[in-house]
file upload25.txt (compact mmCIF, C-alpha atoms)
# COMPACT_ATOMS: atom_id res chain seq x y z
CA MET A 796 -1.07 30.59 35.64
CA PRO A 797 0.96 29.25 32.71
CA THR A 798 2.95 26.79 34.84
CA ARG A 799 -0.22 25.01 35.84
CA ALA A 800 -1.52 24.98 32.26
CA ILE A 801 1.50 22.87 31.32
CA TYR A 802 -0.01 19.89 33.15
CA LEU A 803 -2.78 19.88 30.53
CA LEU A 804 -0.22 19.34 27.77
CA PRO A 805 -0.19 15.51 27.94
CA LEU A 806 -3.97 15.52 27.77
CA ALA A 807 -3.87 17.80 24.74
CA VAL A 808 -1.29 15.60 23.02
CA PHE A 809 -3.40 12.55 23.79
CA LEU A 810 -6.52 14.17 22.35
CA VAL A 811 -4.77 15.13 19.13
CA MET A 812 -3.42 11.60 18.72
CA ALA A 813 -6.78 10.06 19.57
CA ALA A 814 -8.43 12.21 16.90
CA TYR A 815 -5.88 11.05 14.31
CA PHE A 816 -6.26 7.40 15.24
CA ALA A 817 -10.05 7.63 15.25
CA LEU A 818 -9.87 9.10 11.75
CA GLY A 819 -7.51 6.31 10.69
CA LEU A 820 -9.92 3.67 11.91
CA THR A 821 -12.60 4.86 9.50
CA LYS A 822 -10.32 4.14 6.54
CA ASP A 823 -9.89 0.73 4.99
CA PRO A 824 -6.17 0.10 4.45
CA LYS A 825 -7.02 -2.49 1.81
CA ILE A 826 -8.36 0.24 -0.47
CA ILE A 827 -5.49 1.91 -2.26
CA PRO A 828 -6.32 5.18 -3.97
CA SER A 829 -5.85 4.82 -7.71
CA ALA A 830 -2.87 6.54 -9.27
CA LEU A 831 -4.89 6.86 -12.46
CA ILE A 832 -7.69 9.14 -11.28
CA ASP A 833 -8.00 12.09 -13.69
CA LYS A 834 -5.54 10.42 -16.04
CA PRO A 835 -6.45 9.18 -19.52
CA VAL A 836 -7.28 5.49 -19.81
CA PRO A 837 -4.26 3.39 -20.77
CA THR A 838 -4.05 2.51 -24.43
CA PHE A 839 -5.20 -1.04 -24.99
CA LYS A 840 -7.08 -3.29 -27.34
CA LEU A 841 -8.77 -6.39 -26.01
CA PRO A 842 -10.12 -9.24 -28.11
CA PRO A 843 -13.57 -10.63 -27.27
CA ILE A 844 -13.86 -13.65 -25.01
CA ALA A 845 -13.01 -16.52 -27.37
CA GLY A 846 -16.23 -18.05 -28.65
CA GLY A 847 -18.35 -15.20 -27.29
CA LYS A 848 -20.17 -12.35 -28.93
CA GLY A 849 -18.82 -8.97 -30.01
CA ASP A 850 -15.42 -7.73 -31.11
CA GLY A 851 -13.90 -6.88 -27.76
CA PHE A 852 -13.16 -3.25 -26.97
CA SER A 853 -10.28 -0.80 -26.91
CA SER A 854 -9.32 2.54 -25.39
CA ASP A 855 -10.90 4.27 -28.41
CA ASP A 856 -14.33 2.97 -27.37
CA LEU A 857 -14.01 4.79 -24.05
CA LYS A 858 -13.96 8.25 -25.59
CA GLY A 859 -16.85 10.49 -26.54
CA ASP A 860 -19.28 9.33 -23.88
CA VAL A 861 -19.33 8.54 -20.19
CA THR A 862 -18.52 4.85 -19.81
CA VAL A 863 -18.01 2.27 -17.10
CA VAL A 864 -15.45 -0.52 -17.10
CA ASN A 865 -16.15 -3.41 -14.76
CA VAL A 866 -13.31 -5.84 -14.11
CA PHE A 867 -14.66 -9.32 -13.49
CA ALA A 868 -13.70 -12.99 -13.60
CA SER A 869 -15.55 -16.25 -13.27
CA TRP A 870 -13.17 -17.34 -10.49
CA CYS A 871 -13.98 -14.27 -8.44
CA ILE A 872 -16.64 -14.89 -5.83
CA PRO A 873 -17.45 -11.25 -4.94
CA CYS A 874 -18.12 -10.70 -8.67
CA ARG A 875 -21.13 -12.98 -8.37
CA ALA A 876 -22.52 -10.94 -5.53
CA GLU A 877 -21.88 -7.77 -7.48
CA HIS A 878 -23.18 -8.92 -10.83
CA PRO A 879 -26.89 -8.12 -10.33
CA LEU A 880 -25.84 -4.52 -9.61
CA VAL A 881 -23.75 -4.40 -12.78
CA THR A 882 -26.84 -5.58 -14.66
CA GLU A 883 -28.94 -2.97 -12.88
CA LEU A 884 -26.49 -0.24 -13.87
CA SER A 885 -26.43 -1.42 -17.51
CA GLU A 886 -30.20 -1.45 -17.65
CA MET A 887 -30.40 2.13 -16.39
CA LYS A 888 -28.94 3.07 -19.78
CA ILE A 889 -27.07 6.02 -18.36
CA ALA A 890 -23.65 4.80 -19.50
CA ARG A 891 -22.24 1.94 -21.52
CA VAL A 892 -20.86 -0.72 -19.20
CA TYR A 893 -17.89 -2.67 -20.53
CA GLY A 894 -16.73 -5.94 -19.02
CA LEU A 895 -13.01 -6.53 -18.64
CA ASN A 896 -12.64 -10.27 -18.17
CA TYR A 897 -9.50 -10.53 -16.07
CA LYS A 898 -7.23 -13.60 -16.29
CA ASP A 899 -10.05 -15.98 -17.02
CA LYS A 900 -10.49 -19.11 -19.08
CA PRO A 901 -12.76 -18.19 -22.01
CA ALA A 902 -14.98 -21.26 -21.55
CA ASP A 903 -15.44 -20.49 -17.84
CA ALA A 904 -16.17 -16.84 -18.56
CA LEU A 905 -18.81 -17.68 -21.17
CA ARG A 906 -20.48 -20.21 -18.87
CA TRP A 907 -20.45 -17.65 -16.05
CA LEU A 908 -22.01 -14.95 -18.23
CA LYS A 909 -24.64 -17.40 -19.41
CA ALA A 910 -25.51 -18.32 -15.85
CA PHE A 911 -25.54 -14.83 -14.32
CA GLY A 912 -26.52 -12.75 -17.32
CA ASP A 913 -24.52 -10.71 -19.81
CA SER A 914 -25.68 -7.12 -19.85
CA TYR A 915 -22.28 -5.72 -20.86
CA TYR A 916 -22.16 -3.45 -23.87
CA ALA A 917 -19.05 -5.35 -24.85
CA THR A 918 -16.55 -7.60 -23.13
CA GLY A 919 -12.84 -8.01 -23.66
CA ALA A 920 -10.62 -10.86 -22.55
CA ASP A 921 -7.46 -9.91 -20.70
CA LEU A 922 -5.97 -13.38 -20.67
CA ASP A 923 -2.56 -12.58 -19.19
CA GLY A 924 -3.71 -9.67 -17.03
CA ARG A 925 -1.41 -7.15 -18.73
CA VAL A 926 -4.18 -4.70 -19.55
CA GLY A 927 -5.38 -5.06 -15.96
CA ILE A 928 -1.93 -4.04 -14.71
CA ASP A 929 -1.98 -1.02 -17.04
CA TRP A 930 -5.24 -0.07 -15.34
CA GLY A 931 -3.70 -0.54 -11.91
CA VAL A 932 -5.98 -3.45 -11.11
CA TYR A 933 -4.88 -5.32 -8.00
CA GLY A 934 -7.98 -7.33 -7.21
CA VAL A 935 -11.24 -8.29 -8.80
CA PRO A 936 -13.85 -6.84 -9.03
CA GLU A 937 -12.96 -3.25 -9.70
CA THR A 938 -15.09 -0.68 -11.47
CA PHE A 939 -13.94 2.46 -13.26
CA ILE A 940 -15.97 5.44 -14.46
CA ILE A 941 -14.55 7.22 -17.51
CA ASP A 942 -15.61 10.68 -18.63
CA ARG A 943 -16.26 11.87 -22.19
CA SER A 944 -12.65 12.84 -22.79
CA GLY A 945 -11.51 9.32 -21.88
CA LYS A 946 -10.18 10.17 -18.43
CA ILE A 947 -10.67 7.86 -15.46
CA ARG A 948 -12.72 9.77 -12.91
CA HIS A 949 -13.65 7.20 -10.29
CA LYS A 950 -12.52 3.78 -9.16
CA GLN A 951 -14.46 1.41 -7.00
CA VAL A 952 -12.22 -1.21 -5.40
CA GLY A 953 -14.03 -4.41 -4.56
CA PRO A 954 -17.65 -5.23 -5.31
CA MET A 955 -20.22 -2.51 -5.79
CA THR A 956 -22.87 -2.49 -3.12
CA PRO A 957 -26.43 -1.20 -3.46
CA ASP A 958 -25.25 1.75 -1.39
CA SER A 959 -22.16 2.54 -3.49
CA LEU A 960 -24.18 2.15 -6.68
CA LYS A 961 -26.92 4.49 -5.52
CA ASN A 962 -24.80 7.05 -3.68
CA GLN A 963 -21.54 7.07 -5.64
CA ILE A 964 -21.53 5.40 -9.04
CA VAL A 965 -24.85 6.67 -10.37
CA PRO A 966 -24.48 10.27 -9.08
CA ILE A 967 -20.93 10.46 -10.49
CA ILE A 968 -22.10 9.23 -13.91
CA LYS A 969 -24.96 11.72 -13.91
CA GLU A 970 -22.65 14.54 -12.89
CA LEU A 971 -20.19 13.66 -15.67
CA LYS A 972 -22.98 13.52 -18.22
CA LYS A 973 -24.05 17.08 -17.53
CA MET B 1272 40.33 -47.80 17.14
CA THR B 1273 38.15 -49.78 14.82
CA ALA B 1274 35.09 -48.69 16.78
CA ARG B 1275 36.06 -45.06 16.31
CA ARG B 1276 36.67 -45.39 12.62
CA SER B 1277 33.30 -47.04 12.10
CA LEU B 1278 31.71 -43.95 13.68
CA ILE B 1279 33.72 -41.42 11.70
CA ALA B 1280 32.68 -42.74 8.33
CA PRO B 1281 28.92 -42.36 8.83
CA ALA B 1282 29.47 -38.96 10.49
CA THR B 1283 31.41 -37.73 7.49
CA ALA B 1284 28.77 -39.07 5.16
CA LEU B 1285 26.05 -37.32 7.18
CA LEU B 1286 27.97 -34.06 7.14
CA ALA B 1287 28.48 -34.31 3.39
CA ALA B 1288 24.78 -35.01 2.90
CA LEU B 1289 23.84 -32.03 5.05
CA LEU B 1290 26.18 -29.74 3.14
CA ALA B 1291 24.79 -31.00 -0.15
CA ALA B 1292 21.24 -30.41 1.08
CA LEU B 1293 22.18 -26.89 2.17
CA ALA B 1294 23.74 -26.12 -1.16
CA LEU B 1295 20.74 -27.46 -3.04
CA ALA B 1296 18.10 -25.95 -0.75
CA PRO B 1297 16.23 -23.00 -2.25
CA ARG B 1298 16.93 -19.70 -0.61
CA PRO B 1299 14.15 -18.91 1.84
CA ALA B 1300 11.72 -15.99 1.59
CA ALA B 1301 11.95 -15.55 -2.15
CA ALA B 1302 9.05 -16.46 -4.36
CA VAL B 1303 10.94 -16.08 -7.60
CA ASN B 1304 10.48 -19.21 -9.68
CA PRO B 1305 13.42 -20.52 -11.68
CA ASP B 1306 11.49 -20.04 -14.92
CA GLU B 1307 11.09 -16.34 -14.19
CA MET B 1308 14.80 -15.73 -13.74
CA LEU B 1309 16.86 -13.98 -16.35
CA ASN B 1310 19.91 -15.69 -17.81
CA ASP B 1311 22.01 -12.59 -17.36
CA PRO B 1312 23.08 -12.63 -13.68
CA VAL B 1313 23.63 -8.85 -13.63
CA LEU B 1314 20.13 -8.13 -14.92
CA GLU B 1315 18.67 -10.77 -12.60
CA HIS B 1316 20.42 -9.15 -9.65
CA ARG B 1317 19.01 -5.74 -10.61
CA ALA B 1318 15.56 -7.30 -11.01
CA ARG B 1319 15.80 -8.81 -7.52
CA GLU B 1320 16.87 -5.51 -6.00
CA ILE B 1321 14.03 -3.62 -7.70
CA SER B 1322 11.50 -6.29 -6.73
CA LYS B 1323 12.50 -6.05 -3.09
CA GLY B 1324 11.45 -2.40 -3.07
CA LEU B 1325 8.05 -2.94 -4.69
CA ARG B 1326 5.05 -3.74 -2.55
CA CYS B 1327 2.78 -6.60 -3.45
CA LEU B 1328 -0.65 -4.98 -3.54
CA VAL B 1329 -2.46 -8.18 -2.70
CA CYS B 1330 -0.55 -9.03 0.48
CA GLN B 1331 0.43 -5.52 1.33
CA ASN B 1332 3.33 -6.03 3.72
CA GLN B 1333 5.35 -8.23 1.41
CA SER B 1334 7.51 -7.18 -1.48
CA ILE B 1335 6.78 -8.69 -4.87
CA ASP B 1336 10.07 -10.53 -4.45
CA ASP B 1337 8.65 -12.35 -1.41
CA SER B 1338 5.07 -12.80 -2.43
CA ASP B 1339 3.50 -15.82 -4.02
CA ALA B 1340 0.47 -13.85 -5.21
CA ASP B 1341 -0.37 -14.00 -8.90
CA LEU B 1342 -0.14 -10.26 -9.31
CA ALA B 1343 3.32 -10.24 -7.70
CA LYS B 1344 4.48 -12.87 -10.19
CA ASP B 1345 3.10 -10.81 -13.09
CA LEU B 1346 4.88 -7.72 -11.80
CA ARG B 1347 8.15 -9.63 -11.33
CA ILE B 1348 7.94 -10.72 -14.95
CA ILE B 1349 7.19 -7.17 -16.08
CA VAL B 1350 10.18 -5.85 -14.12
CA ARG B 1351 12.41 -8.37 -15.91
CA GLU B 1352 10.90 -7.60 -19.31
CA ARG B 1353 11.51 -3.89 -18.89
CA LEU B 1354 15.11 -4.54 -17.80
CA LYS B 1355 15.69 -6.75 -20.82
CA ALA B 1356 14.27 -4.01 -23.02
CA GLY B 1357 17.04 -1.78 -21.68
CA ASP B 1358 15.16 0.32 -19.10
CA SER B 1359 17.10 1.85 -16.23
CA ASP B 1360 16.18 0.83 -12.67
CA GLY B 1361 14.43 4.17 -12.20
CA ALA B 1362 12.40 3.75 -15.38
CA VAL B 1363 11.23 0.31 -14.26
CA VAL B 1364 10.12 1.65 -10.89
CA ASP B 1365 8.38 4.60 -12.59
CA PHE B 1366 6.54 2.17 -14.85
CA VAL B 1367 5.00 0.43 -11.84
CA VAL B 1368 4.44 3.65 -9.85
CA SER B 1369 2.57 5.24 -12.77
CA ARG B 1370 0.04 2.41 -12.53
CA TYR B 1371 -0.19 1.80 -8.81
CA GLY B 1372 0.98 5.05 -7.25
CA ASP B 1373 3.59 5.73 -4.58
CA PHE B 1374 1.95 3.11 -2.40
CA VAL B 1375 3.81 0.34 -4.25
CA LEU B 1376 7.10 1.71 -3.01
CA LEU B 1377 8.00 0.02 0.27
CA ARG B 1378 10.29 2.96 0.98
CA PRO B 1379 8.16 6.10 0.68
CA PRO B 1380 9.70 8.77 -1.55
CA PHE B 1381 10.87 12.05 -0.03
CA LYS B 1382 8.57 14.75 -1.35
CA MET B 1383 6.16 17.46 -0.19
CA ALA B 1384 3.34 15.05 0.63
CA THR B 1385 5.60 12.84 2.73
CA LEU B 1386 7.56 15.60 4.44
CA ALA B 1387 5.79 15.10 7.77
CA LEU B 1388 6.49 11.38 7.60
CA TRP B 1389 10.20 11.82 7.05
CA ILE B 1390 11.09 14.78 9.27
CA GLY B 1391 8.19 14.58 11.74
CA PRO B 1392 9.93 12.19 14.17
CA ALA B 1393 13.13 14.26 14.10
CA LEU B 1394 11.13 17.43 14.78
CA ILE B 1395 9.32 15.82 17.71
CA ALA B 1396 12.61 14.56 19.17
CA LEU B 1397 14.16 17.99 18.72
CA GLY B 1398 11.20 19.80 20.27
CA GLY B 1399 11.09 17.34 23.17
CA SER B 1400 14.78 17.69 23.97
CA ALA B 1401 14.59 21.48 23.68
CA ALA B 1402 11.68 21.55 26.12
CA MET B 1403 13.51 19.24 28.50
CA ILE B 1404 16.71 21.27 28.40
CA ALA B 1405 14.77 24.49 28.97
CA TYR B 1406 12.93 22.94 31.91
CA LEU B 1407 16.09 21.60 33.53
CA ARG B 1408 17.91 24.90 33.08
CA ARG B 1409 15.09 26.89 34.59
CA ASN B 1410 14.89 24.47 37.47
CA ARG B 1411 18.58 24.77 38.20
CA ARG B 1412 18.42 28.54 38.05
CA ARG B 1413 15.46 28.54 40.46
CA VAL B 1414 17.25 26.29 42.93
CA ALA B 1415 20.33 28.49 42.72
CA GLY B 1416 18.19 31.61 43.21
CA ASP B 1417 16.47 30.09 46.23
CA ALA B 1418 19.80 29.16 47.74
CA ALA B 1419 21.09 32.69 47.24
CA LYS B 1420 17.99 34.12 48.91
CA VAL B 1421 18.18 31.68 51.83
CA GLY B 1422 21.88 32.35 52.25
CA ALA B 1423 21.30 35.87 53.52
CA LEU B 1424 19.91 35.48 57.06
CA THR B 1425 18.48 38.56 58.65
CA THR B 1426 19.94 39.69 62.00
CA ASP B 1427 16.70 38.55 63.63
CA GLU B 1428 17.09 35.09 62.14
CA GLN B 1429 20.72 34.97 63.24
CA ARG B 1430 19.70 35.82 66.78
CA ARG B 1431 17.05 33.04 66.75
CA LEU B 1432 19.56 30.61 65.33
CA ALA B 1433 22.12 31.43 67.97
CA LYS B 1434 19.45 30.97 70.63
CA LEU B 1435 18.47 27.59 69.22
CA MET B 1436 22.05 26.45 69.22
CA GLN B 1437 22.32 27.41 72.83
CA ASP B 1438 19.04 26.14 74.25
CA GLY B 1439 18.28 23.18 71.96
CA ALA B 1440 14.63 24.21 72.03
CA PRO B 1441 12.66 26.84 70.12

call {"tool": "encode", "arguments": {"input": "upload25.txt", "output": "structure tokens"}}
result
Amino acid sequence: MPTRAIYLLPLAVFLVMAAYFALGLTKDPKIIPSALIDKPVPTFKLPPIAGGKGDGFSSDDLKGDVTVVNVFASWCIPCRAEHPLVTELSEMKIARVYGLNYKDKPADALRWLKAFGDSYYATGADLDGRVGIDWGVYGVPETFIIDRSGKIRHKQVGPMTPDSLKNQIVPIIKELKK
Amino acid sequence: MTARRSLIAPATALLAALLAALALAPRPAAAVNPDEMLNDPVLEHRAREISKGLRCLVCQNQSIDDSDADLAKDLRIIVRERLKAGDSDGAVVDFVVSRYGDFVLLRPPFKMATLALWIGPALIALGGSAAMIAYLRRNRRRVAGDAAKVGALTTDEQRRLAKLMQDGAP
């Protein structure tokens, strides 16, 4: 009888809402999807960290091959936890890993790299954070994967974990290299 | 008289001091530093209005106008730079949205992806009231129908009723 079925309606509404809320709970509101996914990398040119090695890097370096850009800073504690994984990724030699030194003091950055290891293909100093803003950076660390055509294909917000390295970053790089 | 006057003077002084403090006090809930402000009051006003609509991505429920975060300060300065360069308000907002996405807008834009957000509540209210009106109408009709049915007593019922009225017992 349809009139009796109507008493099940609140239960049905509740179940639908519960499903939505349960789904919402699995998402981290702190992670904002990047507006730059599948967009070309912003045009930039960064000088090297003053007193350090290399010539910095620019948007032109991120074309032609799959590359990774890791945003880091000496004042950023999660970066320390993440750094061994950045080194691990660099040493896999599957993609060049660039270091974007975000709003750091050059002396601090150099000391930090000396202490924790510098496996970056090249590093660039973003002293005032303007290049970071062009990349949509809103916290450190962040890691971007860029495809051969120079388009951003993946963004990791916050430190890489062994799990995200193994199950996201590396498979995505390998897929893009095909 | 003298006693009263001696009280009035300090009271006036206190009031004046309070007023001065009020006038000098920084306006609350704004993180804009004096050195960030533009000299042109019209541009500064536009910058403030734009900043109030942009979310600080570090402390997500504050606008960049309210937030003390470093990134909010950088964005405030960028907003002012773009305005000084002659950008329209819309162009400034687009500049930030192109980097951080619609999420930076504290007021979500009205477009296909946000349709449910904007008209969903209205639809639910409409559907709910429609259901309620339909239910009440049907109920009233049923009551009226029942009354009409009950109204027509059969001759047998009328006889029983008459008997009841007489005897006072079934």

call {"tool": "atom_distance", "arguments": {"input": "upload25.txt", "atom1": "atom CA of A:Asn962", "atom2": "atom CA of A:Ile872"}}
result
23.5 Å

call {"tool": "residues_near_point", "arguments": {"input": "upload25.txt", "point": "(-21.6, -2.0, -20.6)", "cutoff": "9 Å", "atoms": "all atoms listed in the file", "output": "short mmCIF file (atom, residue, chain, number, x, y, z; two decimals) with C-alpha atoms, in the coordinates of the input"}}
result
data_model
loop_
_atom_site.label_atom_id
_atom_site.label_comp_id
_atom_site.auth_asym_id
_atom_site.auth_seq_id
_atom_site.Cartn_x
_atom_site.Cartn_y
_atom_site.Cartn_z
CA THR A 862 -18.52 4.85 -19.81
CA VAL A 863 -18.01 2.27 -17.10
CA VAL A 864 -15.45 -0.52 -17.10
CA ASN A 865 -16.15 -3.41 -14.76
CA VAL A 881 -23.75 -4.40 -12.78
CA THR A 882 -26.84 -5.58 -14.66
CA LEU A 884 -26.49 -0.24 -13.87
CA SER A 885 -26.43 -1.42 -17.51
CA LYS A 888 -28.94 3.07 -19.78
CA ALA A 890 -23.65 4.80 -19.50
CA ARG A 891 -22.24 1.94 -21.52
CA VAL A 892 -20.86 -0.72 -19.20
CA TYR A 893 -17.89 -2.67 -20.53
CA GLY A 894 -16.73 -5.94 -19.02
CA SER A 914 -25.68 -7.12 -19.85
CA TYR A 915 -22.28 -5.72 -20.86
CA TYR A 916 -22.16 -3.45 -23.87
CA ALA A 917 -19.05 -5.35 -24.85
CA THR A 918 -16.55 -7.60 -23.13
#

call {"tool": "residues_around", "arguments": {"input": "upload25.txt", "residues": "stretch 951-959 of chain A", "least_positions_apart": "6", "cutoff": "6 Å", "atoms": "all atoms listed in the file", "output": "list in words"}}
result
Glu877, Pro936, Glu937 and Thr938 of chain A

call {"tool": "write_last_selection", "arguments": {"input": "upload25.txt", "atoms": "C-alpha atoms", "output": "PDB file, keeping the file's coordinate frame"}}
result
ATOM      1  CA  GLU A 877     -21.880  -7.770  -7.480  1.00  0.00           C
ATOM      2  CA  PRO A 936     -13.850  -6.840  -9.030  1.00  0.00           C
ATOM      3  CA  GLU A 937     -12.960  -3.250  -9.700  1.00  0.00           C
ATOM      4  CA  THR A 938     -15.090  -0.680 -11.470  1.00  0.00           C
TER       5      THR A 938
END

call {"tool": "interface_residues", "arguments": {"input": "upload25.txt", "of": "chain B", "to": "chain A", "cutoff": "7 Å", "atoms": "all atoms listed in the file", "output": "PyMOL selection string"}}
result
chain B and resi 1328-1329+1342+1369-1372

call {"tool": "residues_near_point", "arguments": {"input": "upload25.txt", "point": "(-3.9, -16.1, -22.8)", "cutoff": "10 Å", "atoms": "only C-alpha atoms", "output": "PyMOL selection string"}}
result
chain A and resi 898-901+920-924

call {"tool": "atom_distance", "arguments": {"input": "upload25.txt", "atom1": "atom CA of A:Lys909", "atom2": "atom CA of A:Val935"}}
result
19.4 Å

call {"tool": "closest_residue", "arguments": {"input": "upload25.txt", "among": "B:Ala1405, B:Ala1387, B:Ala1393, B:Val1368", "to": "B:Gly1324", "atoms": "all atoms listed in the file"}}
result
B:Val1368

call {"tool": "closest_residue", "arguments": {"input": "upload25.txt", "among": "B:Ala1433, B:Val1367, B:Ala1402, B:Leu1309", "to": "B:Leu1354", "atoms": "only C-alpha atoms"}}
result
B:Leu1309

call {"tool": "atom_distance", "arguments": {"input": "upload25.txt", "atom1": "atom CA of B:Pro1312", "atom2": "atom CA of B:Ile1349"}}
result
17.0 Å

call {"tool": "residues_around", "arguments": {"input": "upload25.txt", "residues": "A:Ile889", "least_positions_apart": "5", "cutoff": "9 Å", "atoms": "all atoms listed in the file", "output": "number ranges by chain"}}
result
A: 861-862, 884, 965, 968-969, 972

call {"tool": "residues_around", "arguments": {"input": "upload25.txt", "residues": "A:Lys834", "least_positions_apart": "5", "cutoff": "10 Å", "atoms": "all atoms listed in the file", "output": "PyMOL selection string"}}
result
chain A and resi 941+945-948

call {"tool": "write_last_selection", "arguments": {"input": "upload25.txt", "atoms": "C-alpha atoms", "output": "PDB file, in the coordinates of the input"}}
result
ATOM      1  CA  ILE A 941     -14.550   7.220 -17.510  1.00  0.00           C
ATOM      2  CA  GLY A 945     -11.510   9.320 -21.880  1.00  0.00           C
ATOM      3  CA  LYS A 946     -10.180  10.170 -18.430  1.00  0.00           C
ATOM      4  CA  ILE A 947     -10.670   7.860 -15.460  1.00  0.00           C
ATOM      5  CA  ARG A 948     -12.720   9.770 -12.910  1.00  0.00           C
TER       6      ARG A 948
END

call {"tool": "residues_around", "arguments": {"input": "upload25.txt", "residues": "A:Lys973", "least_positions_apart": "6", "cutoff": "12 Å", "atoms": "all atoms listed in the file", "output": "PDB file with C-alpha atoms, keeping the file's coordinate frame"}}
result
ATOM      1  CA  ASP A 860     -19.280   9.330 -23.880  1.00  0.00           C
ATOM      2  CA  VAL A 861     -19.330   8.540 -20.190  1.00  0.00           C
ATOM      3  CA  ILE A 889     -27.070   6.020 -18.360  1.00  0.00           C
ATOM      4  CA  ASP A 942     -15.610  10.680 -18.630  1.00  0.00           C
ATOM      5  CA  ARG A 943     -16.260  11.870 -22.190  1.00  0.00           C
ATOM      6  CA  PRO A 966     -24.480  10.270  -9.080  1.00  0.00           C
ATOM      7  CA  ILE A 967     -20.930  10.460 -10.490  1.00  0.00           C
TER       8      ILE A 967
END

call {"tool": "closest_residue", "arguments": {"input": "upload25.txt", "among": "B:Arg1408, B:Arg1347, B:Arg1431, B:Lys1323", "to": "B:Arg1378", "atoms": "all atoms listed in the file"}}
result
B:Lys1323

call {"tool": "residues_around", "arguments": {"input": "upload25.txt", "residues": "B:Lys1355", "least_positions_apart": "3", "cutoff": "12 Å", "atoms": "only C-alpha atoms", "output": "number ranges by chain"}}
result
B: 1308-1315, 1317-1318, 1348-1352, 1358-1360, 1363

call {"tool": "axis_aligned_box", "arguments": {"input": "upload25.txt", "around": "stretch 1352-1356 of chain B", "padding_each_side": "5 Å", "output": "AutoDock Vina command-line options"}}
result
--center_x 13.3 --center_y -5.7 --center_z -20.4 --size_x 14.8 --size_y 13.7 --size_z 15.2
